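Chemist: Have a peek at final30.txt (compact mmCIF, C-alpha atoms).
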```
# COMPACT_ATOMS: atom_id res chain seq x y z
CA MET E 1 91.72 65.29 194.46
CA ASN E 2 88.73 65.45 192.10
CA ARG E 3 85.76 67.75 192.27
CA ARG E 4 83.53 65.29 194.11
CA HIS E 5 86.05 64.79 196.88
CA PHE E 6 86.62 68.49 197.11
CA LEU E 7 82.90 69.07 197.60
CA ALA E 8 82.67 66.26 200.15
CA LEU E 9 85.52 67.86 202.06
CA ALA E 10 83.89 71.26 202.00
CA LEU E 11 80.59 69.83 203.27
CA LEU E 12 82.22 67.83 206.03
CA ALA E 13 84.58 70.54 207.19
CA ALA E 14 82.00 72.83 208.77
CA PRO E 15 80.19 70.39 211.15
CA GLY E 16 83.54 68.73 211.86
CA ARG E 17 85.05 71.92 213.21
CA ALA E 18 81.99 72.54 215.37
CA SER E 19 82.22 69.11 216.99
CA ALA E 20 85.96 69.30 217.49
CA GLN E 21 85.78 70.58 221.05
CA PRO E 22 83.28 68.09 222.57
CA ASN E 23 85.39 65.37 220.97
CA ALA E 24 88.55 66.57 222.67
CA HIS E 25 88.19 64.45 225.81
CA VAL E 26 91.54 63.01 226.86
CA SER E 27 91.97 60.12 229.26
CA THR E 28 94.44 61.32 231.89
CA THR E 29 95.07 57.73 233.02
CA ASP E 30 96.31 56.69 229.56
CA PRO E 31 100.00 55.92 230.26
CA LEU E 32 101.13 57.94 227.25
CA VAL E 33 99.06 60.98 228.27
CA TYR E 34 100.19 60.51 231.87
CA SER E 35 103.84 60.63 230.75
CA PHE E 36 103.22 64.23 229.65
CA THR E 37 100.74 65.42 232.27
CA GLN E 38 101.69 63.45 235.41
CA GLY E 39 97.95 63.07 235.98
CA ARG E 40 97.02 66.75 235.77
CA THR E 41 93.69 67.70 234.17
CA VAL E 42 93.59 68.23 230.43
CA ARG E 43 90.92 70.72 229.40
CA ALA E 44 89.40 71.13 225.94
CA GLY E 45 90.19 74.47 224.32
CA ARG E 46 92.97 76.94 223.49
CA VAL E 47 94.45 74.39 221.06
CA LYS E 48 93.35 74.19 217.45
CA LEU E 49 94.25 71.12 215.43
CA GLU E 50 93.78 71.39 211.68
CA MET E 51 93.84 68.37 209.42
CA PRO E 52 91.77 67.25 206.45
CA ARG E 53 88.71 65.31 207.67
CA ILE E 54 89.17 62.78 204.87
CA ALA E 55 92.64 61.70 203.80
CA GLU E 56 92.98 59.77 200.55
CA SER E 57 96.24 58.28 201.77
CA GLY E 58 97.52 57.86 205.29
CA HIS E 59 101.13 58.05 204.16
CA SER E 60 101.26 61.82 204.39
CA VAL E 61 98.52 63.90 205.96
CA ALA E 62 98.97 67.64 206.46
CA MET E 63 98.73 68.75 210.08
CA THR E 64 98.78 72.18 211.68
CA VAL E 65 98.42 72.82 215.38
CA ARG E 66 98.22 76.26 216.94
CA VAL E 67 97.76 77.36 220.51
CA ASP E 68 96.20 80.57 221.72
CA SER E 69 99.07 82.15 223.71
CA PRO E 70 100.89 85.52 223.72
CA MET E 71 104.23 83.59 223.78
CA THR E 72 105.88 85.98 226.23
CA ALA E 73 108.43 85.07 228.90
CA ALA E 74 105.65 85.10 231.49
CA GLU E 75 103.03 83.27 229.46
CA HIS E 76 103.89 80.79 226.73
CA VAL E 77 103.43 77.30 225.41
CA ARG E 78 106.07 74.88 226.64
CA ALA E 79 105.16 71.85 224.57
CA VAL E 80 102.64 70.40 222.16
CA HIS E 81 102.20 66.62 222.02
CA LEU E 82 100.60 64.88 219.08
CA LEU E 83 98.95 61.46 219.55
CA ALA E 84 97.49 59.05 217.00
CA GLU E 85 95.14 56.70 218.81
CA LYS E 86 95.41 53.79 216.36
CA ASN E 87 98.95 53.99 215.03
CA PRO E 88 101.35 51.21 216.13
CA VAL E 89 103.41 54.08 217.56
CA ARG E 90 100.79 56.38 219.12
CA ASP E 91 103.32 58.98 220.18
CA MET E 92 103.69 60.85 216.88
CA ALA E 93 105.65 63.89 217.92
CA SER E 94 106.32 66.38 220.70
CA PHE E 95 107.22 69.98 219.93
CA TYR E 96 108.95 72.19 222.49
CA LEU E 97 108.49 75.94 222.25
CA GLY E 98 109.14 79.03 224.30
CA PRO E 99 109.05 82.83 224.24
CA HIS E 100 111.66 82.79 221.43
CA SER E 101 109.11 81.08 219.20
CA GLY E 102 106.98 84.21 218.93
CA ARG E 103 104.00 82.20 217.77
CA ALA E 104 102.69 78.80 218.89
CA GLU E 105 102.00 77.25 215.53
CA ILE E 106 103.55 74.13 214.03
CA SER E 107 102.89 72.25 210.81
CA SER E 108 104.09 68.88 209.62
CA ARG E 109 102.91 65.85 207.69
CA VAL E 110 101.88 62.73 209.59
CA ARG E 111 101.28 59.04 208.89
CA LEU E 112 97.95 57.51 209.82
CA ASN E 113 97.44 53.76 209.93
CA GLY E 114 93.72 53.91 209.17
CA SER E 115 90.81 56.11 210.26
CA GLN E 116 91.25 57.32 213.80
CA ARG E 117 91.22 60.18 216.26
CA VAL E 118 94.25 62.45 216.44
CA VAL E 119 94.79 64.38 219.66
CA ALA E 120 96.94 67.44 220.35
CA ILE E 121 97.81 68.30 223.96
CA ALA E 122 99.46 71.60 224.83
CA GLU E 123 101.38 72.29 228.02
CA LEU E 124 101.43 75.95 229.02
CA SER E 125 103.96 77.79 231.17
CA ASP E 126 101.38 78.10 233.97
CA GLY E 127 101.32 74.30 234.21
CA THR E 128 97.87 73.83 232.64
CA PHE E 129 97.13 71.36 229.84
CA TRP E 130 94.75 71.95 226.92
CA SER E 131 93.66 69.77 224.05
CA ASP E 132 91.90 69.42 220.74
CA ALA E 133 91.09 66.31 218.72
CA LEU E 134 89.86 65.39 215.26
CA ASN E 135 88.45 62.21 213.77
CA ILE E 136 90.19 61.62 210.47
CA GLU E 137 88.86 59.23 207.89
CA VAL E 138 91.69 57.56 206.02
CA ARG E 139 90.84 55.87 202.70
CA GLU E 140 94.16 54.10 202.26
CA ALA E 141 96.11 53.43 205.46
CA ALA E 142 99.85 53.93 205.71
CA CYS E 143 101.34 50.45 205.64
CA THR E 144 102.83 50.66 209.08
CA ASP E 145 101.32 47.42 210.39
CA GLY E 146 103.13 44.58 208.62
CA GLY E 147 102.35 43.44 205.10
CA GLY E 148 103.39 45.77 202.30
CA MET F 149 122.74 61.66 204.59
CA GLY F 150 120.25 63.33 202.33
CA LEU F 151 119.26 66.81 201.47
CA VAL F 152 117.78 69.51 203.60
CA ARG F 153 116.10 72.73 202.69
CA ILE F 154 115.57 75.62 205.11
CA HIS F 155 113.20 78.32 204.05
CA LEU F 156 113.12 81.69 205.81
CA PRO F 157 111.81 85.05 204.62
CA GLU F 158 114.38 87.27 202.85
CA GLN F 159 114.31 89.64 205.78
CA ALA F 160 112.25 90.22 208.89
CA ARG F 161 111.33 93.14 211.08
CA ARG F 162 112.75 93.09 214.60
CA GLY F 163 110.24 91.52 216.97
CA ALA F 164 108.21 89.88 214.20
CA SER F 165 107.36 86.19 214.25
CA VAL F 166 109.21 84.54 211.39
CA GLU F 167 108.06 81.37 209.71
CA ALA F 168 110.75 78.71 209.26
CA ARG F 169 110.15 75.75 207.00
CA VAL F 170 112.54 72.82 207.09
CA LEU F 171 112.31 69.91 204.70
CA ILE F 172 114.64 66.95 205.24
CA GLN F 173 115.12 64.10 202.80
CA HIS F 174 114.78 61.02 205.01
CA PRO F 175 112.81 57.74 204.60
CA MET F 176 111.47 57.73 208.21
CA GLU F 177 111.40 53.91 207.97
CA THR F 178 108.71 52.48 210.22
CA GLY F 179 110.32 49.07 210.75
CA PHE F 180 107.10 47.41 209.51
CA ARG F 181 107.81 47.70 205.80
CA ARG F 182 109.23 44.80 203.78
CA ASP F 183 111.53 45.18 200.81
CA ALA F 184 111.06 43.48 197.41
CA ALA F 185 112.76 40.31 198.74
CA GLY F 186 110.37 40.14 201.71
CA ALA F 187 112.92 41.14 204.32
CA ARG F 188 111.88 43.58 206.99
CA VAL F 189 113.41 47.03 206.53
CA PRO F 190 114.72 48.08 209.96
CA ARG F 191 113.20 51.10 211.64
CA ASN F 192 115.10 54.29 211.01
CA ALA F 193 113.43 57.57 211.79
CA ILE F 194 114.67 60.99 212.79
CA HIS F 195 113.88 61.07 216.51
CA SER F 196 115.38 64.39 217.55
CA PHE F 197 115.29 67.79 215.89
CA LEU F 198 116.59 71.10 217.14
CA CYS F 199 116.64 74.67 215.86
CA ARG F 200 118.96 77.35 217.23
CA TYR F 201 118.86 81.03 216.35
CA ASN F 202 122.09 82.87 217.14
CA GLY F 203 123.01 80.01 219.44
CA VAL F 204 119.74 80.04 221.40
CA GLU F 205 117.36 77.10 221.17
CA VAL F 206 114.07 78.32 219.68
CA PHE F 207 112.40 75.04 218.71
CA ARG F 208 112.90 71.38 219.52
CA ALA F 209 110.97 68.29 218.50
CA THR F 210 110.98 64.60 219.26
CA LEU F 211 109.61 62.71 216.29
CA SER F 212 108.57 59.13 215.61
CA THR F 213 107.56 56.96 212.68
CA GLY F 214 104.20 58.78 212.87
CA ILE F 215 105.83 61.57 210.87
CA ALA F 216 105.71 61.07 207.09
CA ALA F 217 108.79 60.32 204.99
CA ASN F 218 110.82 63.41 204.05
CA PRO F 219 109.68 65.25 207.15
CA LEU F 220 108.51 68.82 206.86
CA LEU F 221 108.53 71.04 209.92
CA ARG F 222 107.09 74.52 209.90
CA PHE F 223 107.46 76.61 213.03
CA TYR F 224 108.11 80.18 214.16
CA LEU F 225 110.89 82.16 215.73
CA ARG F 226 110.94 85.73 216.94
CA ALA F 227 113.31 87.96 214.93
CA ALA F 228 115.83 89.68 217.23
CA GLU F 229 119.22 90.25 215.55
CA SER F 230 120.48 89.32 212.10
CA GLY F 231 122.21 85.99 212.36
CA LYS F 232 122.37 82.30 211.90
CA VAL F 233 119.45 79.88 212.06
CA GLU F 234 120.80 76.37 212.52
CA VAL F 235 118.95 73.08 212.46
CA TRP F 236 120.27 69.73 213.65
CA TRP F 237 118.74 66.26 213.75
CA LEU F 238 119.59 62.69 214.72
CA ASP F 239 118.09 59.42 213.45
CA ASP F 240 117.86 55.85 214.81
CA ASP F 241 121.09 54.87 213.00
CA ASP F 242 122.83 57.64 215.01
CA ILE F 243 123.39 59.60 211.83
CA GLU F 244 123.13 63.30 212.40
CA GLY F 245 122.50 66.06 209.96
CA SER F 246 122.63 69.81 210.13
CA ALA F 247 122.16 72.89 208.02
CA SER F 248 121.97 76.61 208.51
CA ALA F 249 120.56 79.73 206.95
CA HIS F 250 121.03 83.44 207.51
CA LEU F 251 118.21 85.66 208.73
CA VAL F 252 118.42 89.39 208.03
CA VAL F 253 116.62 91.49 210.63
CA VAL F 254 115.84 95.13 209.79
```
Turn this file's structure into C-alpha cells for me.

Modeler:
Amino acid sequence: MNRRHFLALALLAAPGRASAQPNAHVSTTDPLVYSFTQGRTVRAGRVKLEMPRIAESGHSVAMTVRVDSPMTAAEHVRAVHLLAEKNPVRDMASFYLGPHSGRAEISSRVRLNGSQRVVAIAELSDGTFWSDALNIEVREAACTDGGG
Amino acid sequence: MGLVRIHLPEQARRGASVEARVLIQHPMETGFRRDAAGARVPRNAIHSFLCRYNGVEVFRATLSTGIAANPLLRFYLRAAESGKVEVWWLDDDDIEGSASAHLVVV
C-alpha cells in the first residue's frame, strides 16, 4: 500500500463507518438469510463488521466481526453468519459461539469477487437477530468466476 | 495435509478471554480456477472447523470458498483450567486435520 492509498483509506474510513448502520438492511425473504433466521426480523445494530473500505485484491481481505454481548450462560451470541452478496458462493462462513467463548469477536480473511456489500448477521441466545454491513470496493477481484 | 499453527498466549488468568489464532495451510480451491493446462481445478475447501478446550467445544465454524487460501481464524475462549486446546477440520476431499496446544491458566 502506498501513501496515496493510505490517505484515501483514512479519508474514506470515517464517513463509511457512519453510514454502516443505515446500510445494514437485510432482506429476510432472501433464501440464504431465511435459512438462518426462519423469517424472523433482523435489526441493524449490536454487530460491528470491520473490513477495509478499499481492497487492492479480493483474494484475501481482512475481516473482523464483533458483537456486543456479555457472553454469559444466560446471554450470549449463538452464531455469526457472513454473507458476500456478489460472490458465486454467497455463504462465506458461519461461526458458532457460546458462553465458553468469553468474547464475541472473530477475525479471518475473505475472498471477494469484485466490489460488493458484505453482511454479518448475529443470532443471540434470546432468539433475536442483528446485523451490520459494509460496501467494499475491490480493485482486483478474486478469480472465483471462471477464467484465470 | 499441510501445516497448521495455533497461537495462544503463554499463560492466561482464570476467567480471562483468551485470543486463539489458527492458521492452516490449505489452498481453499474454489472450483473455478484453471491450471496451466486449462483444466478446471476441482473445488476443495475446508468446510468444517472445530475447537475444543479440555474436551468442551468452544468454537465451531462452517467455511466456504469465500474464505481466503491458507485460512486464518482468530477467536476467543474463556480461560478456566490449564489444559489442551484442540482444533480439528475437514475439507471437501474428506481429508481431516488436527492440532493441539497447551494453555496454562494461573

Chemist: Could you check the closest approach to chain F for each of E:His81, E:His59, E:His76, E:Lys48 and tell me which residue wins, using only C-alpha atoms?

Modeler: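 Comparing E:His81, E:His59, E:His76, E:Lys48 against chain F, the winner is E:His59.
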
Chemist: Do a neighbour search on segment 130-138 of chain E at 6 Å with only C-alpha atoms, toss out local chain neighbours closer than 4 positions, and write the hits as a list in words.

Modeler: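 What passes the distance filter is Ala20, Ala24, Val42, Arg43, Ala44, Gly45, Val47, Lys48, Arg53, Ile54, Ala55, Gly58, Gly114, Ser115, Gln116, Arg117, Val118, Val119, Ala120, Ile121 and Ala122 of chain E.
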
Chemist: Select from chain F every residue with an atom at most 8 Å from any atom of chain E, then for each give the shortest pair of atoms and their distance in Å to one decimal, using all atoms listed in the file, rows by chain and rising number, as a tab-separated table.

Modeler:
```
residue	atom	partner	partner_atom	distance
F:Ala164	CA	E:Gly102	CA	7.5
F:Ser165	CA	E:Gly102	CA	5.1
F:Val166	CA	E:Gly102	CA	7.9
F:Thr178	CA	E:Thr144	CA	6.3
F:Gly179	CA	E:Thr144	CA	7.8
F:Phe180	CA	E:Gly146	CA	5.0
F:Arg181	CA	E:Gly148	CA	6.0
F:Arg182	CA	E:Gly148	CA	6.1
F:Val206	CA	E:His100	CA	5.4
F:Phe207	CA	E:Leu97	CA	5.4
F:Arg208	CA	E:Tyr96	CA	5.0
F:Ala209	CA	E:Phe95	CA	4.4
F:Thr210	CA	E:Ser94	CA	5.2
F:Leu211	CA	E:Ala93	CA	4.4
F:Ser212	CA	E:Met92	CA	5.3
F:Thr213	CA	E:Met92	CA	6.9
F:Gly214	CA	E:Met92	CA	4.5
F:Ile215	CA	E:Val110	CA	4.3
F:Ala216	CA	E:Val110	CA	4.9
F:Ala217	CA	E:Ser60	CA	7.7
F:Pro219	CA	E:Arg109	CA	6.8
F:Leu220	CA	E:Ser108	CA	5.2
F:Leu221	CA	E:Ser108	CA	4.9
F:Arg222	CA	E:Ser107	CA	4.9
F:Phe223	CA	E:Ile106	CA	4.7
F:Tyr224	CA	E:Ser101	CA	5.2
F:Leu225	CA	E:Ser101	CA	4.0
F:Arg226	CA	E:Gly102	CA	4.7
```

Chemist: In Å, rounded to a single decimal, give me how far atom CA of Val152 of chain F is from atom CA of Gly245 of chain F.

Modeler: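 About the pair atom CA of Gly245 of chain F and atom CA of Val152 of chain F: they are 8.6 Å apart.
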
Chemist: In Å, how far is it from atom CA of Arg191 of chain F to atom CA of Asp240 of chain F?

Modeler: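 Calculated distance between atom CA of Arg191 of chain F and atom CA of Asp240 of chain F is 7.4 Å.
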
Chemist: Supply segment 92-110 of chain E as a PDB file, in the frame of the given file, with N, CA, C and O atoms built in where the input has gaps.

Modeler:
```pdb
ATOM      1  N   MET E  92     103.216  60.410 218.188  1.00  0.00           N
ATOM      2  CA  MET E  92     103.690  60.850 216.880  1.00  0.00           C
ATOM      3  C   MET E  92     104.826  61.853 216.981  1.00  0.00           C
ATOM      4  O   MET E  92     105.839  61.727 216.314  1.00  0.00           O
ATOM      5  N   ALA E  93     104.616  62.865 217.805  1.00  0.00           N
ATOM      6  CA  ALA E  93     105.650  63.890 217.920  1.00  0.00           C
ATOM      7  C   ALA E  93     105.372  64.750 219.154  1.00  0.00           C
ATOM      8  O   ALA E  93     104.233  64.862 219.609  1.00  0.00           O
ATOM      9  N   SER E  94     106.441  65.345 219.682  1.00  0.00           N
ATOM     10  CA  SER E  94     106.320  66.380 220.700  1.00  0.00           C
ATOM     11  C   SER E  94     107.134  67.570 220.229  1.00  0.00           C
ATOM     12  O   SER E  94     108.260  67.399 219.750  1.00  0.00           O
ATOM     13  N   PHE E  95     106.545  68.752 220.347  1.00  0.00           N
ATOM     14  CA  PHE E  95     107.220  69.980 219.930  1.00  0.00           C
ATOM     15  C   PHE E  95     107.422  70.848 221.163  1.00  0.00           C
ATOM     16  O   PHE E  95     106.501  71.027 221.948  1.00  0.00           O
ATOM     17  N   TYR E  96     108.632  71.372 221.316  1.00  0.00           N
ATOM     18  CA  TYR E  96     108.950  72.190 222.490  1.00  0.00           C
ATOM     19  C   TYR E  96     109.195  73.625 222.052  1.00  0.00           C
ATOM     20  O   TYR E  96     110.044  73.876 221.192  1.00  0.00           O
ATOM     21  N   LEU E  97     108.437  74.532 222.643  1.00  0.00           N
ATOM     22  CA  LEU E  97     108.490  75.940 222.250  1.00  0.00           C
ATOM     23  C   LEU E  97     108.841  76.797 223.466  1.00  0.00           C
ATOM     24  O   LEU E  97     109.008  76.299 224.568  1.00  0.00           O
ATOM     25  N   GLY E  98     108.878  78.094 223.212  1.00  0.00           N
ATOM     26  CA  GLY E  98     109.140  79.030 224.300  1.00  0.00           C
ATOM     27  C   GLY E  98     108.923  80.434 223.816  1.00  0.00           C
ATOM     28  O   GLY E  98     108.457  80.643 222.690  1.00  0.00           O
ATOM     29  N   PRO E  99     109.269  81.437 224.648  1.00  0.00           N
ATOM     30  CA  PRO E  99     109.050  82.830 224.240  1.00  0.00           C
ATOM     31  C   PRO E  99     109.805  83.210 222.968  1.00  0.00           C
ATOM     32  O   PRO E  99     109.383  84.099 222.237  1.00  0.00           O
ATOM     33  N   HIS E 100     110.909  82.490 222.650  1.00  0.00           N
ATOM     34  CA  HIS E 100     111.660  82.790 221.430  1.00  0.00           C
ATOM     35  C   HIS E 100     110.923  82.348 220.169  1.00  0.00           C
ATOM     36  O   HIS E 100     111.320  82.688 219.057  1.00  0.00           O
ATOM     37  N   SER E 101     109.867  81.549 220.359  1.00  0.00           N
ATOM     38  CA  SER E 101     109.110  81.080 219.200  1.00  0.00           C
ATOM     39  C   SER E 101     108.256  82.184 218.591  1.00  0.00           C
ATOM     40  O   SER E 101     107.984  82.166 217.398  1.00  0.00           O
ATOM     41  N   GLY E 102     107.803  83.104 219.429  1.00  0.00           N
ATOM     42  CA  GLY E 102     106.980  84.210 218.930  1.00  0.00           C
ATOM     43  C   GLY E 102     105.546  83.812 218.650  1.00  0.00           C
ATOM     44  O   GLY E 102     104.637  84.564 218.928  1.00  0.00           O
ATOM     45  N   ARG E 103     105.360  82.644 218.089  1.00  0.00           N
ATOM     46  CA  ARG E 103     104.000  82.200 217.770  1.00  0.00           C
ATOM     47  C   ARG E 103     103.927  80.685 217.988  1.00  0.00           C
ATOM     48  O   ARG E 103     104.836  79.961 217.584  1.00  0.00           O
ATOM     49  N   ALA E 104     102.843  80.240 218.620  1.00  0.00           N
ATOM     50  CA  ALA E 104     102.690  78.800 218.890  1.00  0.00           C
ATOM     51  C   ALA E 104     101.918  78.150 217.760  1.00  0.00           C
ATOM     52  O   ALA E 104     100.704  77.949 217.840  1.00  0.00           O
ATOM     53  N   GLU E 105     102.624  77.884 216.688  1.00  0.00           N
ATOM     54  CA  GLU E 105     102.000  77.250 215.530  1.00  0.00           C
ATOM     55  C   GLU E 105     103.035  76.350 214.852  1.00  0.00           C
ATOM     56  O   GLU E 105     104.137  76.795 214.546  1.00  0.00           O
ATOM     57  N   ILE E 106     102.649  75.102 214.638  1.00  0.00           N
ATOM     58  CA  ILE E 106     103.550  74.130 214.030  1.00  0.00           C
ATOM     59  C   ILE E 106     102.791  73.358 212.958  1.00  0.00           C
ATOM     60  O   ILE E 106     101.642  72.987 213.157  1.00  0.00           O
ATOM     61  N   SER E 107     103.470  73.104 211.843  1.00  0.00           N
ATOM     62  CA  SER E 107     102.890  72.250 210.810  1.00  0.00           C
ATOM     63  C   SER E 107     103.850  71.132 210.479  1.00  0.00           C
ATOM     64  O   SER E 107     105.072  71.311 210.549  1.00  0.00           O
ATOM     65  N   SER E 108     103.281  69.991 210.115  1.00  0.00           N
ATOM     66  CA  SER E 108     104.090  68.880 209.620  1.00  0.00           C
ATOM     67  C   SER E 108     103.185  67.981 208.784  1.00  0.00           C
ATOM     68  O   SER E 108     102.056  68.359 208.466  1.00  0.00           O
ATOM     69  N   ARG E 109     103.714  66.829 208.416  1.00  0.00           N
ATOM     70  CA  ARG E 109     102.910  65.850 207.690  1.00  0.00           C
ATOM     71  C   ARG E 109     103.015  64.542 208.448  1.00  0.00           C
ATOM     72  O   ARG E 109     104.129  64.113 208.775  1.00  0.00           O
ATOM     73  N   VAL E 110     101.864  63.922 208.741  1.00  0.00           N
ATOM     74  CA  VAL E 110     101.880  62.730 209.590  1.00  0.00           C
ATOM     75  C   VAL E 110     101.426  61.491 208.817  1.00  0.00           C
ATOM     76  O   VAL E 110     100.841  61.579 207.744  1.00  0.00           O
TER      77      VAL E 110
END
```
